[in-house]
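Engineer: Before we start, here is the structure in question, set down as structure tokens.
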Amino acid sequence: MTIQLSALLSTDAEIIPFSKVDSSWRETVEQATVSDTPPSYLIFPHTQDALGKVVEYANENQLAILPCGNGSKLNWGGLVKNPQLVISTQRLNRIIAHAVGDLTITVEAGVTLQQLHSVLQPHSQFLPIDPAYPDKATLGGIMATADTGSWRQRYSGVRDMVLGLSFVRYDGKIAKGGGRVVKNVAGYDMMRLFTGSYGTLGIISEMTFRLYPIPEASQTLLLTGKADSIYNLAKSLRQSGVTPTAAEILSTSLVESLGNREEMGLLLRFQSISESISEQIRQVKELAQPENCHSQIYSDLDEIKIWQQLQVSNNNSDLICKIGILPSESILFLTKLNEFGIGIVNLSSGLGKISIKKEGLKELRSLCQSHQGFLAILEAAKPIKQNIDPWGYNGNALEIMQKLKQKFDPNQIFSPNRLFV
């Protein structure tokens, strides 16, 4: 199909014929799509108004859009069907407003987490998320994929940090939800709706985040032992008064990669004043003593390194997946996971990330679903996603999601086929 973009020539956007884009973009888009022909253009709007004009043009001409930021998570989830325009928010990278005293910041969607923290650090503030590919991930992409990471234990998910957002609708108009202050309850909760929407309802263009002070001190405690011991310790910790900012249960292979020869591990990060950290670590060790668990404390660069090692990569496996399971069943899941790969599960939420061989998908997905959870494929070779449903969703909310998709995107131009609808 030949697409003429003459109507957009005066728009403040860089429009590149897809045949002329660099190889990294071509490979990224190829892995994320299923199409008889490649997209026609890669477009970088420089302003939110320009983004709106591009989307308006696409809607009027029934052109399917693949929205993205830097493309680091473009291959997560389902394969997008026949996109004709790839629209990147990479150039929408302005800091709109930073209310230092109110601990809020408003940014455009193309701002990277790395860029944000360089702005916040002089003010001793930070945004507590640790997503995959933190050096490349844009804030719009992090929100669209709900990629929080281990700090979820203390600070909850991305959706709980977003106070307001702007997004471009199917007709090119800019809509807003929430606001720039913490106390804002008016209107429909667009922030939660767009978190994890994978670019299927509209294109996120601007967000306001709740910020937090950088803690005075930080230490991480690694506890390793037999599966039954870690199960008992995890149960005790959930019922205790200790408040780690991050808490992950580690599979056997992951524990071994950290230089230990134990069945399972529990990694706890404490960030507060030094006295509080010492007391909480003492309490945890006291709980762990009857379970004969080994302990090791990490500080400074060693602490940073050990959390970086938990970024689950493909590890020569076929699939990287996000899972959810009842927290009480996480040890059972990780024990079964040992047959197929490695992974981590959050102590309190039961959310986790795993890297597995495809042979384990059916059994592990069934185990999650039988315990009120899910297993979704994030990254996998294209042929795998063409033959296996990445989401495996069997809940009762599909009809609601289809109605939302129809309302927000009546002409089905945003990321067709990427999510459930």
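Labels for the structure tokens follow display order: chains A, B, ..., residues from 1 in each chain, ligands from 1.
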A:Gly373: which residues within 10 Å, counting only C-alpha atoms, same-chain residues fewer than 5 positions away excluded, as a list in words?

Structural biologist: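 Near A:Gly373, the qualifying residues are Ile323, Gly324, Ile325, Leu326, Pro327, Gly350, Leu351, Arg365, Ser366, Leu367, Cys368, Tyr393 and Gly395 of chain A.
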
Engineer: Would you mind exporting the chosen residues as a compact mmCIF listing (two decimals), in the first residue's frame, restricted to N, CA and C atoms?

Structural biologist:
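File produced: part_23.txt:
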```
# COMPACT_ATOMS: atom_id res chain seq x y z
N ILE A 323 4.81 -13.22 35.55
CA ILE A 323 3.86 -14.13 36.18
C ILE A 323 3.21 -13.46 37.39
N GLY A 324 2.07 -13.97 37.75
CA GLY A 324 1.41 -13.58 38.98
C GLY A 324 0.83 -14.83 39.61
N ILE A 325 0.95 -14.94 40.92
CA ILE A 325 0.44 -16.11 41.63
C ILE A 325 0.15 -15.69 43.07
N LEU A 326 -0.70 -16.41 43.76
CA LEU A 326 -0.91 -16.12 45.17
C LEU A 326 0.44 -16.14 45.89
N PRO A 327 0.75 -15.11 46.67
CA PRO A 327 2.05 -15.08 47.34
C PRO A 327 2.34 -16.35 48.14
N GLY A 350 3.27 -11.43 44.77
CA GLY A 350 3.23 -12.65 43.96
C GLY A 350 3.52 -12.40 42.50
N LEU A 351 3.90 -11.17 42.13
CA LEU A 351 4.28 -10.87 40.76
C LEU A 351 5.76 -11.19 40.56
N ARG A 365 2.07 -22.15 33.22
CA ARG A 365 0.87 -21.30 33.06
C ARG A 365 -0.32 -21.92 33.77
N SER A 366 -0.48 -23.21 33.64
CA SER A 366 -1.58 -23.91 34.32
C SER A 366 -1.45 -23.78 35.83
N LEU A 367 -0.22 -23.89 36.35
CA LEU A 367 0.01 -23.77 37.78
C LEU A 367 -0.36 -22.37 38.27
N CYS A 368 0.03 -21.34 37.53
CA CYS A 368 -0.33 -19.97 37.91
C CYS A 368 -1.84 -19.77 37.90
N TYR A 393 -5.00 -15.50 28.53
CA TYR A 393 -5.98 -14.97 29.48
C TYR A 393 -7.26 -15.80 29.44
N GLY A 395 -9.79 -15.10 32.05
CA GLY A 395 -10.65 -14.46 33.03
C GLY A 395 -11.97 -14.02 32.43
```

Engineer: Could you pull the residues within 12 Å of A:Ser355, counting only C-alpha atoms, minus those fewer than 4 positions along the same chain, as a VMD selection string?

Structural biologist: chain A and resid 251 253 to 254 310 to 323 334 337 to 344 359 to 361 364 375 to 380

Engineer: Would you output that residue set with C-alpha atoms, as a PDB file, in the first residue's frame?

Structural biologist:
```pdb
ATOM      1  CA  SER A 251      14.763 -19.605  42.289  1.00  0.00           C
ATOM      2  CA  SER A 253      19.391 -21.363  39.589  1.00  0.00           C
ATOM      3  CA  LEU A 254      19.354 -17.674  40.419  1.00  0.00           C
ATOM      4  CA  LEU A 310      18.381  -9.905  39.164  1.00  0.00           C
ATOM      5  CA  GLN A 311      17.375  -8.380  35.836  1.00  0.00           C
ATOM      6  CA  VAL A 312      16.067 -11.601  34.278  1.00  0.00           C
ATOM      7  CA  SER A 313      17.452 -12.034  30.754  1.00  0.00           C
ATOM      8  CA  ASN A 314      16.769 -14.827  28.288  1.00  0.00           C
ATOM      9  CA  ASN A 315      19.652 -16.827  29.837  1.00  0.00           C
ATOM     10  CA  ASN A 316      19.725 -19.115  26.786  1.00  0.00           C
ATOM     11  CA  SER A 317      16.027 -19.846  27.334  1.00  0.00           C
ATOM     12  CA  ASP A 318      13.174 -19.437  24.870  1.00  0.00           C
ATOM     13  CA  LEU A 319      10.827 -17.132  26.770  1.00  0.00           C
ATOM     14  CA  ILE A 320      10.892 -14.236  29.209  1.00  0.00           C
ATOM     15  CA  CYS A 321       7.557 -14.100  31.018  1.00  0.00           C
ATOM     16  CA  LYS A 322       5.748 -12.075  33.637  1.00  0.00           C
ATOM     17  CA  ILE A 323       3.855 -14.126  36.185  1.00  0.00           C
ATOM     18  CA  LEU A 334       9.603 -21.574  42.029  1.00  0.00           C
ATOM     19  CA  LEU A 337      10.303 -23.561  37.821  1.00  0.00           C
ATOM     20  CA  ASN A 338      13.632 -25.261  38.566  1.00  0.00           C
ATOM     21  CA  GLU A 339      12.857 -27.830  35.847  1.00  0.00           C
ATOM     22  CA  PHE A 340      12.523 -25.172  33.158  1.00  0.00           C
ATOM     23  CA  GLY A 341      14.468 -22.017  34.026  1.00  0.00           C
ATOM     24  CA  ILE A 342      15.114 -19.228  36.508  1.00  0.00           C
ATOM     25  CA  GLY A 343      13.126 -16.410  38.032  1.00  0.00           C
ATOM     26  CA  ILE A 344      12.062 -14.206  40.925  1.00  0.00           C
ATOM     27  CA  GLU A 359       8.501 -26.812  27.025  1.00  0.00           C
ATOM     28  CA  GLY A 360       7.613 -25.507  30.477  1.00  0.00           C
ATOM     29  CA  LEU A 361       5.079 -22.913  29.360  1.00  0.00           C
ATOM     30  CA  LEU A 364       3.766 -23.295  34.532  1.00  0.00           C
ATOM     31  CA  LEU A 375       1.642 -16.201  32.977  1.00  0.00           C
ATOM     32  CA  ALA A 376       2.182 -13.764  30.094  1.00  0.00           C
ATOM     33  CA  ILE A 377       4.932 -14.058  27.492  1.00  0.00           C
ATOM     34  CA  LEU A 378       6.930 -10.847  27.200  1.00  0.00           C
ATOM     35  CA  GLU A 379       9.856 -11.778  24.964  1.00  0.00           C
ATOM     36  CA  ALA A 380      10.083 -14.775  22.629  1.00  0.00           C
TER      37      ALA A 380
END
```

Engineer: Give me the residues within 10 Å of A:Ala246 as a list in words, counting only C-alpha atoms and dropping any in the same chain fewer than 2 places off.

Structural biologist: Gly149, Ser150, Trp151, Arg152, Gln153, Arg154, Tyr155, Thr220, Thr243, Pro244, Glu248, Leu267, Leu268, Arg269, Phe270, Gln271, Trp307, Asn346, Leu347 and Ser348 of chain A

Engineer: Please produce a file of the residues just selected, as a PDB file, in the first residue's frame, where the atoms kept are N, CA and C atoms.

Structural biologist:
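That gives us again07.pdb:
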```pdb
ATOM      1  N   GLY A 149       9.163  -3.339  38.640  1.00  0.00           N
ATOM      2  CA  GLY A 149      10.367  -3.931  39.204  1.00  0.00           C
ATOM      3  C   GLY A 149      10.260  -4.177  40.700  1.00  0.00           C
ATOM      4  N   SER A 150      11.398  -4.384  41.349  1.00  0.00           N
ATOM      5  CA  SER A 150      11.418  -4.873  42.728  1.00  0.00           C
ATOM      6  C   SER A 150      10.977  -3.849  43.761  1.00  0.00           C
ATOM      7  N   TRP A 151      11.014  -2.558  43.453  1.00  0.00           N
ATOM      8  CA  TRP A 151      10.580  -1.557  44.429  1.00  0.00           C
ATOM      9  C   TRP A 151       9.069  -1.565  44.662  1.00  0.00           C
ATOM     10  N   ARG A 152       8.368  -2.412  43.933  1.00  0.00           N
ATOM     11  CA  ARG A 152       6.931  -2.569  44.151  1.00  0.00           C
ATOM     12  C   ARG A 152       6.630  -2.929  45.609  1.00  0.00           C
ATOM     13  N   GLN A 153       7.529  -3.658  46.252  1.00  0.00           N
ATOM     14  CA  GLN A 153       7.306  -4.106  47.627  1.00  0.00           C
ATOM     15  C   GLN A 153       6.940  -2.942  48.552  1.00  0.00           C
ATOM     16  N   ARG A 154       7.634  -1.830  48.422  1.00  0.00           N
ATOM     17  CA  ARG A 154       7.404  -0.676  49.303  1.00  0.00           C
ATOM     18  C   ARG A 154       6.531   0.390  48.661  1.00  0.00           C
ATOM     19  N   TYR A 155       6.697   0.613  47.332  1.00  0.00           N
ATOM     20  CA  TYR A 155       6.079   1.785  46.720  1.00  0.00           C
ATOM     21  C   TYR A 155       4.900   1.451  45.807  1.00  0.00           C
ATOM     22  N   THR A 220      21.271  -4.498  51.735  1.00  0.00           N
ATOM     23  CA  THR A 220      20.503  -5.643  51.254  1.00  0.00           C
ATOM     24  C   THR A 220      20.954  -6.896  51.992  1.00  0.00           C
ATOM     25  N   THR A 243       9.825  -3.641  57.123  1.00  0.00           N
ATOM     26  CA  THR A 243       9.345  -2.936  55.925  1.00  0.00           C
ATOM     27  C   THR A 243      10.451  -2.790  54.881  1.00  0.00           C
ATOM     28  N   PRO A 244      10.825  -3.874  54.223  1.00  0.00           N
ATOM     29  CA  PRO A 244      11.821  -3.754  53.147  1.00  0.00           C
ATOM     30  C   PRO A 244      11.263  -2.958  51.975  1.00  0.00           C
ATOM     31  N   GLU A 248      12.398 -10.055  47.175  1.00  0.00           N
ATOM     32  CA  GLU A 248      12.208 -11.030  46.105  1.00  0.00           C
ATOM     33  C   GLU A 248      12.616 -12.425  46.566  1.00  0.00           C
ATOM     34  N   LEU A 267      15.819 -12.180  48.985  1.00  0.00           N
ATOM     35  CA  LEU A 267      16.636 -10.965  48.925  1.00  0.00           C
ATOM     36  C   LEU A 267      15.803  -9.789  49.412  1.00  0.00           C
ATOM     37  N   LEU A 268      16.272  -9.146  50.475  1.00  0.00           N
ATOM     38  CA  LEU A 268      15.536  -8.050  51.110  1.00  0.00           C
ATOM     39  C   LEU A 268      16.377  -6.794  51.108  1.00  0.00           C
ATOM     40  N   ARG A 269      15.786  -5.691  50.665  1.00  0.00           N
ATOM     41  CA  ARG A 269      16.492  -4.405  50.652  1.00  0.00           C
ATOM     42  C   ARG A 269      15.850  -3.473  51.667  1.00  0.00           C
ATOM     43  N   PHE A 270      16.674  -2.905  52.539  1.00  0.00           N
ATOM     44  CA  PHE A 270      16.189  -1.970  53.551  1.00  0.00           C
ATOM     45  C   PHE A 270      16.803  -0.597  53.286  1.00  0.00           C
ATOM     46  N   GLN A 271      15.952   0.420  53.206  1.00  0.00           N
ATOM     47  CA  GLN A 271      16.410   1.777  52.898  1.00  0.00           C
ATOM     48  C   GLN A 271      15.717   2.762  53.837  1.00  0.00           C
ATOM     49  N   TRP A 307      21.503  -6.331  42.789  1.00  0.00           N
ATOM     50  CA  TRP A 307      20.167  -6.061  42.247  1.00  0.00           C
ATOM     51  C   TRP A 307      20.197  -5.992  40.729  1.00  0.00           C
ATOM     52  N   ASN A 346       7.952 -11.602  43.730  1.00  0.00           N
ATOM     53  CA  ASN A 346       7.870 -10.633  44.818  1.00  0.00           C
ATOM     54  C   ASN A 346       7.220 -11.252  46.054  1.00  0.00           C
ATOM     55  N   LEU A 347       7.792 -10.961  47.204  1.00  0.00           N
ATOM     56  CA  LEU A 347       7.343 -11.555  48.461  1.00  0.00           C
ATOM     57  C   LEU A 347       5.870 -11.298  48.752  1.00  0.00           C
ATOM     58  N   SER A 348       5.408 -10.067  48.544  1.00  0.00           N
ATOM     59  CA  SER A 348       4.056  -9.690  48.959  1.00  0.00           C
ATOM     60  C   SER A 348       3.016  -9.735  47.852  1.00  0.00           C
TER      61      SER A 348
END
```

Engineer: I'd like the neighbourhood of A:Gly199 as number ranges by chain, where a residue qualifies if any of its atoms comes within 8 Å (using only C-alpha atoms), though same-chain residues fewer than 6 positions away should be ignored.

Structural biologist: A: 66-68, 144, 414-415

Engineer: Can you pull out the residues contacting A:Ile129? Cut-off 12 Å, using only C-alpha atoms, and skip same-chain residues under 5 positions away; I want them as a VMD selection string.

Structural biologist: chain A and resid 113 to 114 116 to 117 134 137 to 139 142 to 143 146 to 162 209 to 212 245 to 246

Engineer: Find the residues around A:His123 up to 9 Å (only C-alpha atoms counted), leave out those fewer than 4 positions away in its own chain, and share them as an mmCIF file with N, CA and C atoms, in the first residue's frame.

Structural biologist:
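Generated file (around-v8.cif):
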```
data_model
loop_
_atom_site.group_PDB
_atom_site.id
_atom_site.type_symbol
_atom_site.label_atom_id
_atom_site.label_comp_id
_atom_site.auth_asym_id
_atom_site.auth_seq_id
_atom_site.Cartn_x
_atom_site.Cartn_y
_atom_site.Cartn_z
ATOM 1 N N VAL A 100 9.423 20.802 43.408
ATOM 2 C CA VAL A 100 10.342 20.148 44.340
ATOM 3 C C VAL A 100 9.700 19.978 45.712
ATOM 4 N N VAL A 119 17.909 14.627 36.731
ATOM 5 C CA VAL A 119 17.248 15.868 37.133
ATOM 6 C C VAL A 119 16.896 15.837 38.614
ATOM 7 N N PRO A 213 11.678 11.015 48.597
ATOM 8 C CA PRO A 213 13.048 11.401 48.979
ATOM 9 C C PRO A 213 13.982 10.192 48.856
ATOM 10 N N ILE A 214 15.210 10.433 48.427
ATOM 11 C CA ILE A 214 16.204 9.365 48.399
ATOM 12 C C ILE A 214 16.515 8.969 49.839
#
```

Engineer: Residues of stretch 168-396 of chain A in strand (DSSP E) according to DSSP, as an MDAnalysis selection string?

Structural biologist: chainID A and resid 168 174:178 203:210 212:213 217:225 246:250 264:272 294:298 319:324 341:346 351:356 374:380
